[in-house]
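Heads up, the thing below is written out as structure tokens.
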Amino acid sequence: MEPLLRGLQRQGLNVSSIPKAIDVRDGGDCHFCTTCDAYACPSGGKLDSEVACVRPALASRNLTLATEARCERVVTNSGGERVVDRKVVHQGEVKGVSADLYVLACDVVRSPAILLRSANSAHPEGLANSSGQVGRNLCGHNASWFFLPRIKPLPPLHQKTFAVNDYYLGADQHGFPLGTLQAAGRMPVWMQVPRWMAPFAKTINDRSITCFGMSEVWPDPENRVHVDADGMIHVDFRANNVAGYHALRRTFLRHFRRAGFPATISPRYQGAGLPWHPVGTLRFGSDPQTSVLDPWCRTHDIENLYVVDSCFLPSAGALNTSLTVMAQALRVAEHMDRRLGGRAEVDEA
Ligand SMILES: Cc1cc2nc3c(=O)[nH]c(=O)nc-3n(C[C@H](O)[C@H](O)[C@H](O)COP(=O)(O)OP(=O)(O)OC[C@H]3O[C@@H](n4cnc5c(N)ncnc54)[C@H](O)[C@@H]3O)c2cc1C
């Protein structure tokens, strides 16, 4: 990686490091396998939500975890001011869940779908949807992978170590923000392609430094999640800001070539009809007419219902979203703790 970083720096680019929560200490749990980044860590060496949060919470004996449980619907009282039940399918049985406060955290597609499916006479357009914004403003990133092939296979390494943000706000010849570039985590991508292509994909992947470029997809109310009369989920999504994304690709292909690392590039990501790092379908804000959640991720319309996942972000900017989603989750957890009579200190600003 060093020659690549030096080659980028020689062109005047600022290469910064990426923070990681991986146990690479001597004797640590990371064994440098390539099943990292988007995969569950087989050895517990990555501080993902299971390792860092769920396991310690279970050990505290203050948490009951029901695996293989699926939330179907949220039920309010007849006036629609409070949630009084949540219907969860667990081991084939529909069960109710009764609580003071309720949190949905089912992702950018399923959380709004559950709210829409839960429509009742007090909320005919779906729960918490007086603004008409539930499911709308789906946004995220236009993204591509750059493959920088080398002659020999790469040794085991943590590749996701650097980022270049020089074009985040634009470039001389472009009057608009372009986005960012970063090293990608090493992943067994050959497992995701048709079987006949797998040996070829593995050969390329084993011998390539992989990087990842992304630019913003702007929020658009017509990009949205909705459900039909049978409760089936549909996603309407059309990418925008494609010119900025193409300018970012061209810019970094040039930088890689000048650094002595000619790259090939994947097509723009279009998996499952969503942008990369999707956010926005239940955006937060202080105005109940234009947002679904308040700044604490509580629905404007229902006083004991929160949504704490990636839906709340009104825009993804052009950076990875998870750290912001996690930071907001911690902030909301402190707020809820205080609401329930705990002593967490929380910055009201
Ligand atoms: C391949 C890949 C790589 C990524 N890399 C990065 C990265 O490097 N950096 C970054 O910042 N972000 C990355 N992301 C994005 C990041 O994973 C997401 O932004 C983040 O996980 C979103 O969090 P969430 O809580 O909204 O949804 P999730 O993390 O998807 O959590 C939703 C949970 O709800 C559960 N669920 C769904 N429906 C129901 C239901 N009806 N009942 C009960 N439970 C339900 C799901 O099983 C899941 O456990 C990546 C994503 C992918 C797919």
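Just remember, in the structure tokens the first chain shown is A, the second B, etc., residues are 1-based per chain, and ligands are 1-based in the order shown.
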
At a cut-off of 8 Å around ligand 1, and using only C-alpha atoms and all ligand atoms, what residues come up? Please write them as number ranges by chain.
A: 37-39, 68-72, 88, 105-108, 110-111, 114, 184-185, 276-279, 308-311, 319-325

Please dump the current selection as a tab-separated table (two decimals), in the first residue's frame; keep N, CA and C atoms.
```
chain	number	residue	atom	x	y	z
A	37	ASP	N	-15.09	-6.45	6.86
A	37	ASP	CA	-15.92	-5.37	6.33
A	37	ASP	C	-17.40	-5.73	6.37
A	38	ALA	N	-17.97	-6.16	5.24
A	38	ALA	CA	-19.41	-6.35	5.20
A	38	ALA	C	-19.85	-7.72	5.74
A	39	TYR	N	-18.94	-8.50	6.31
A	39	TYR	CA	-19.28	-9.83	6.81
A	39	TYR	C	-19.17	-9.87	8.33
A	68	GLU	N	-34.83	-14.60	15.58
A	68	GLU	CA	-35.81	-15.07	14.59
A	68	GLU	C	-37.20	-14.49	14.88
A	69	ALA	N	-37.25	-13.27	15.37
A	69	ALA	CA	-38.54	-12.61	15.63
A	69	ALA	C	-38.73	-11.50	14.61
A	70	ARG	N	-39.92	-11.40	14.06
A	70	ARG	CA	-40.16	-10.40	13.00
A	70	ARG	C	-41.32	-9.48	13.40
A	71	CYS	N	-41.05	-8.18	13.45
A	71	CYS	CA	-42.12	-7.23	13.76
A	71	CYS	C	-42.99	-7.05	12.53
A	72	GLU	N	-44.30	-7.22	12.72
A	72	GLU	CA	-45.21	-7.10	11.58
A	72	GLU	C	-45.90	-5.75	11.56
A	88	VAL	N	-45.40	-9.12	16.89
A	88	VAL	CA	-44.14	-9.74	16.49
A	88	VAL	C	-44.39	-11.22	16.23
A	105	ALA	N	-36.22	-0.27	14.60
A	105	ALA	CA	-34.86	-0.14	14.07
A	105	ALA	C	-34.65	-1.24	13.04
A	106	CYS	N	-35.47	-1.21	12.00
A	106	CYS	CA	-35.51	-2.35	11.06
A	106	CYS	C	-34.89	-2.03	9.71
A	107	ASP	N	-34.31	-0.90	9.53
A	107	ASP	CA	-33.56	-0.42	8.35
A	107	ASP	C	-34.39	0.51	7.48
A	108	VAL	N	-33.73	1.02	6.47
A	108	VAL	CA	-34.26	2.14	5.69
A	108	VAL	C	-35.47	1.74	4.83
A	110	ARG	N	-37.51	-1.37	5.76
A	110	ARG	CA	-38.53	-2.06	6.57
A	110	ARG	C	-39.14	-1.18	7.64
A	111	SER	N	-38.41	-0.24	8.21
A	111	SER	CA	-39.03	0.62	9.24
A	111	SER	C	-40.18	1.44	8.64
A	114	ILE	N	-43.17	-0.87	7.84
A	114	ILE	CA	-43.98	-1.27	9.02
A	114	ILE	C	-44.92	-0.13	9.41
A	184	ALA	N	-11.03	0.06	0.32
A	184	ALA	CA	-12.16	-0.80	0.70
A	184	ALA	C	-11.67	-1.92	1.62
A	185	GLY	N	-12.58	-2.48	2.42
A	185	GLY	CA	-12.22	-3.66	3.20
A	185	GLY	C	-12.05	-4.85	2.27
A	276	TRP	N	-26.16	2.97	-2.56
A	276	TRP	CA	-25.26	2.45	-1.54
A	276	TRP	C	-25.44	3.31	-0.28
A	277	HIS	N	-25.29	2.73	0.91
A	277	HIS	CA	-25.50	3.44	2.19
A	277	HIS	C	-26.84	4.20	2.18
A	278	PRO	N	-27.95	3.49	1.98
A	278	PRO	CA	-29.23	4.20	1.88
A	278	PRO	C	-29.66	4.81	3.21
A	279	VAL	N	-30.24	6.00	3.16
A	279	VAL	CA	-30.76	6.69	4.35
A	279	VAL	C	-32.01	7.48	3.92
A	308	VAL	N	-34.92	4.38	15.42
A	308	VAL	CA	-33.49	4.64	15.63
A	308	VAL	C	-32.68	3.72	14.72
A	309	ASP	N	-32.60	4.12	13.47
A	309	ASP	CA	-31.75	3.42	12.49
A	309	ASP	C	-31.35	4.43	11.43
A	310	SER	N	-30.94	3.95	10.26
A	310	SER	CA	-30.40	4.89	9.27
A	310	SER	C	-31.47	5.75	8.60
A	311	CYS	N	-32.76	5.49	8.87
A	311	CYS	CA	-33.83	6.27	8.24
A	311	CYS	C	-33.79	7.76	8.58
A	319	LEU	N	-20.15	10.56	2.70
A	319	LEU	CA	-19.31	9.78	3.62
A	319	LEU	C	-20.10	8.61	4.18
A	320	ASN	N	-19.38	7.58	4.62
A	320	ASN	CA	-20.03	6.42	5.25
A	320	ASN	C	-20.96	6.90	6.36
A	321	THR	N	-22.07	6.22	6.49
A	321	THR	CA	-23.12	6.74	7.36
A	321	THR	C	-23.15	6.11	8.76
A	322	SER	N	-22.52	4.93	8.92
A	322	SER	CA	-22.77	4.17	10.15
A	322	SER	C	-22.35	4.90	11.42
A	323	LEU	N	-21.22	5.60	11.39
A	323	LEU	CA	-20.77	6.25	12.62
A	323	LEU	C	-21.79	7.31	13.06
A	324	THR	N	-22.37	8.02	12.10
A	324	THR	CA	-23.38	9.03	12.45
A	324	THR	C	-24.65	8.36	12.99
A	325	VAL	N	-25.02	7.23	12.37
A	325	VAL	CA	-26.21	6.51	12.85
A	325	VAL	C	-25.97	6.02	14.28
```

Strand (DSSP E or B) per DSSP on the backbone: members of segment 71-116 of chain A, as a count of residues only:
22

Hey, what does DSSP flag as alpha helix (DSSP H) within segment 38-236 of chain A? Can you give it to me as a PyMOL selection string?
chain A and resi 49+55-59+110-117+198-206

Segment 57-167 of chain A residues near segment 237-255 of chain A within 12 Å, closest pair each, using only C-alpha atoms, as a tab-separated table:
```
residue	atom	partner	partner_atom	distance
A:Val109	CA	A:Phe237	CA	11.8
A:Gly135	CA	A:Phe237	CA	11.5
A:Arg136	CA	A:Phe237	CA	10.1
A:Asn137	CA	A:Phe237	CA	9.7
A:Leu138	CA	A:Phe237	CA	7.5
A:Cys139	CA	A:Ala239	CA	8.5
A:Gly140	CA	A:Ala239	CA	9.3
A:His141	CA	A:Ala239	CA	8.7
A:Asn142	CA	A:Tyr245	CA	6.5
A:Ala143	CA	A:Tyr245	CA	7.7
A:Ser144	CA	A:Arg249	CA	8.0
A:Trp145	CA	A:Arg249	CA	9.6
A:Phe146	CA	A:Leu253	CA	8.2
A:Phe147	CA	A:Leu253	CA	10.2
A:Leu148	CA	A:Leu253	CA	9.9
A:Val164	CA	A:Phe252	CA	9.9
A:Asn165	CA	A:Leu248	CA	11.1
A:Asp166	CA	A:Leu248	CA	10.9
A:Tyr167	CA	A:Leu248	CA	7.9
```

For the residues selected in the previous step, produce a file with C-alpha atoms as a PDB file, in the first residue's frame.
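Saved result, out23.pdb, follows:
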```
ATOM      1  CA  VAL A 109     -36.799  -0.042   3.838  1.00  0.00           C
ATOM      2  CA  GLY A 135     -40.922   6.300   3.035  1.00  0.00           C
ATOM      3  CA  ARG A 136     -39.917   9.318   0.946  1.00  0.00           C
ATOM      4  CA  ASN A 137     -36.567  11.080   0.352  1.00  0.00           C
ATOM      5  CA  LEU A 138     -34.615   7.847  -0.047  1.00  0.00           C
ATOM      6  CA  CYS A 139     -31.047   8.916  -0.709  1.00  0.00           C
ATOM      7  CA  GLY A 140     -27.493   7.639  -0.212  1.00  0.00           C
ATOM      8  CA  HIS A 141     -24.484   7.227  -2.459  1.00  0.00           C
ATOM      9  CA  ASN A 142     -23.522   6.596  -6.046  1.00  0.00           C
ATOM     10  CA  ALA A 143     -20.578   4.253  -5.626  1.00  0.00           C
ATOM     11  CA  SER A 144     -18.017   2.166  -7.511  1.00  0.00           C
ATOM     12  CA  TRP A 145     -15.073  -0.074  -6.662  1.00  0.00           C
ATOM     13  CA  PHE A 146     -11.648   0.568  -8.180  1.00  0.00           C
ATOM     14  CA  PHE A 147      -9.436  -2.516  -8.726  1.00  0.00           C
ATOM     15  CA  LEU A 148      -5.714  -1.781  -8.842  1.00  0.00           C
ATOM     16  CA  VAL A 164      -8.858  11.058   0.229  1.00  0.00           C
ATOM     17  CA  ASN A 165     -11.353  13.859   0.793  1.00  0.00           C
ATOM     18  CA  ASP A 166      -9.746  16.596  -1.358  1.00  0.00           C
ATOM     19  CA  TYR A 167     -12.699  16.636  -3.772  1.00  0.00           C
TER      20      TYR A 167
END
```

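A straight line drawn from atom CA of Ser78 of chain A to atom CA of Val225 of chain A is 26.3 Å long.
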
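The closest residue to Pro155 of chain A, picked from A:Ser208, A:Thr290, A:Gln328, A:Thr180 and counting only C-alpha atoms, is A:Ser208.
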
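With only C-alpha atoms as the atoms that count, the residue of A:Gln182, A:Thr203, A:Ser215, A:Ser130 with the shortest distance to Pro153 of chain A is A:Thr203.
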
So, counting only C-alpha atoms, which residue among A:Cys297, A:Ile22, A:Met232, A:Leu305 is closest to Val75 of chain A?
A:Leu305

Residues near segment 26-35 of chain A, cut-off 9 Å, only C-alpha atoms, skip fewer than 4 positions along chain, as a PyMOL selection string:
chain A and resi 22+39-46+156-158+185-188

Those residues with N, CA and C atoms, as an mmCIF file, in the first residue's frame please?
```
data_model
loop_
_atom_site.group_PDB
_atom_site.id
_atom_site.type_symbol
_atom_site.label_atom_id
_atom_site.label_comp_id
_atom_site.auth_asym_id
_atom_site.auth_seq_id
_atom_site.Cartn_x
_atom_site.Cartn_y
_atom_site.Cartn_z
ATOM 1 N N ILE A 22 -10.911 -2.731 15.227
ATOM 2 C CA ILE A 22 -10.527 -4.124 14.992
ATOM 3 C C ILE A 22 -9.386 -4.474 15.938
ATOM 4 N N TYR A 39 -18.944 -8.499 6.306
ATOM 5 C CA TYR A 39 -19.279 -9.834 6.807
ATOM 6 C C TYR A 39 -19.171 -9.872 8.331
ATOM 7 N N ALA A 40 -19.930 -10.778 8.934
ATOM 8 C CA ALA A 40 -19.777 -10.976 10.375
ATOM 9 C C ALA A 40 -18.402 -11.580 10.622
ATOM 10 N N CYS A 41 -17.706 -11.111 11.660
ATOM 11 C CA CYS A 41 -16.355 -11.587 11.936
ATOM 12 C C CYS A 41 -16.441 -12.968 12.587
ATOM 13 N N PRO A 42 -15.769 -14.001 12.005
ATOM 14 C CA PRO A 42 -15.875 -15.338 12.593
ATOM 15 C C PRO A 42 -15.142 -15.472 13.925
ATOM 16 N N SER A 43 -14.228 -14.527 14.244
ATOM 17 C CA SER A 43 -13.442 -14.703 15.474
ATOM 18 C C SER A 43 -13.733 -13.632 16.528
ATOM 19 N N GLY A 44 -14.708 -12.748 16.262
ATOM 20 C CA GLY A 44 -15.040 -11.706 17.251
ATOM 21 C C GLY A 44 -13.982 -10.618 17.329
ATOM 22 N N GLY A 45 -13.127 -10.503 16.296
ATOM 23 C CA GLY A 45 -12.062 -9.496 16.321
ATOM 24 C C GLY A 45 -12.519 -8.125 15.863
ATOM 25 N N LYS A 46 -13.732 -8.044 15.337
ATOM 26 C CA LYS A 46 -14.253 -6.761 14.862
ATOM 27 C C LYS A 46 -15.317 -6.286 15.848
ATOM 28 N N PRO A 156 -2.110 -11.086 3.580
ATOM 29 C CA PRO A 156 -3.257 -10.713 4.428
ATOM 30 C C PRO A 156 -3.029 -9.317 4.997
ATOM 31 N N LEU A 157 -4.006 -8.439 4.886
ATOM 32 C CA LEU A 157 -3.817 -7.087 5.419
ATOM 33 C C LEU A 157 -5.169 -6.442 5.680
ATOM 34 N N HIS A 158 -5.159 -5.426 6.542
ATOM 35 C CA HIS A 158 -6.348 -4.595 6.693
ATOM 36 C C HIS A 158 -6.221 -3.468 5.710
ATOM 37 N N GLY A 185 -12.577 -2.477 2.416
ATOM 38 C CA GLY A 185 -12.217 -3.660 3.199
ATOM 39 C C GLY A 185 -12.051 -4.850 2.268
ATOM 40 N N ARG A 186 -11.187 -5.794 2.625
ATOM 41 C CA ARG A 186 -11.030 -6.972 1.765
ATOM 42 C C ARG A 186 -12.189 -7.935 2.028
ATOM 43 N N MET A 187 -12.786 -8.385 0.965
ATOM 44 C CA MET A 187 -13.965 -9.256 1.102
ATOM 45 C C MET A 187 -13.895 -10.388 0.089
ATOM 46 N N PRO A 188 -14.519 -11.520 0.379
ATOM 47 C CA PRO A 188 -14.549 -12.614 -0.602
ATOM 48 C C PRO A 188 -15.589 -12.331 -1.688
#
```

Spatial neighbours of Lys152 of chain A, max dist 7 Å, only C-alpha atoms, sep filter under 2 positions, as a PyMOL selection string:
chain A and resi 150+154+207
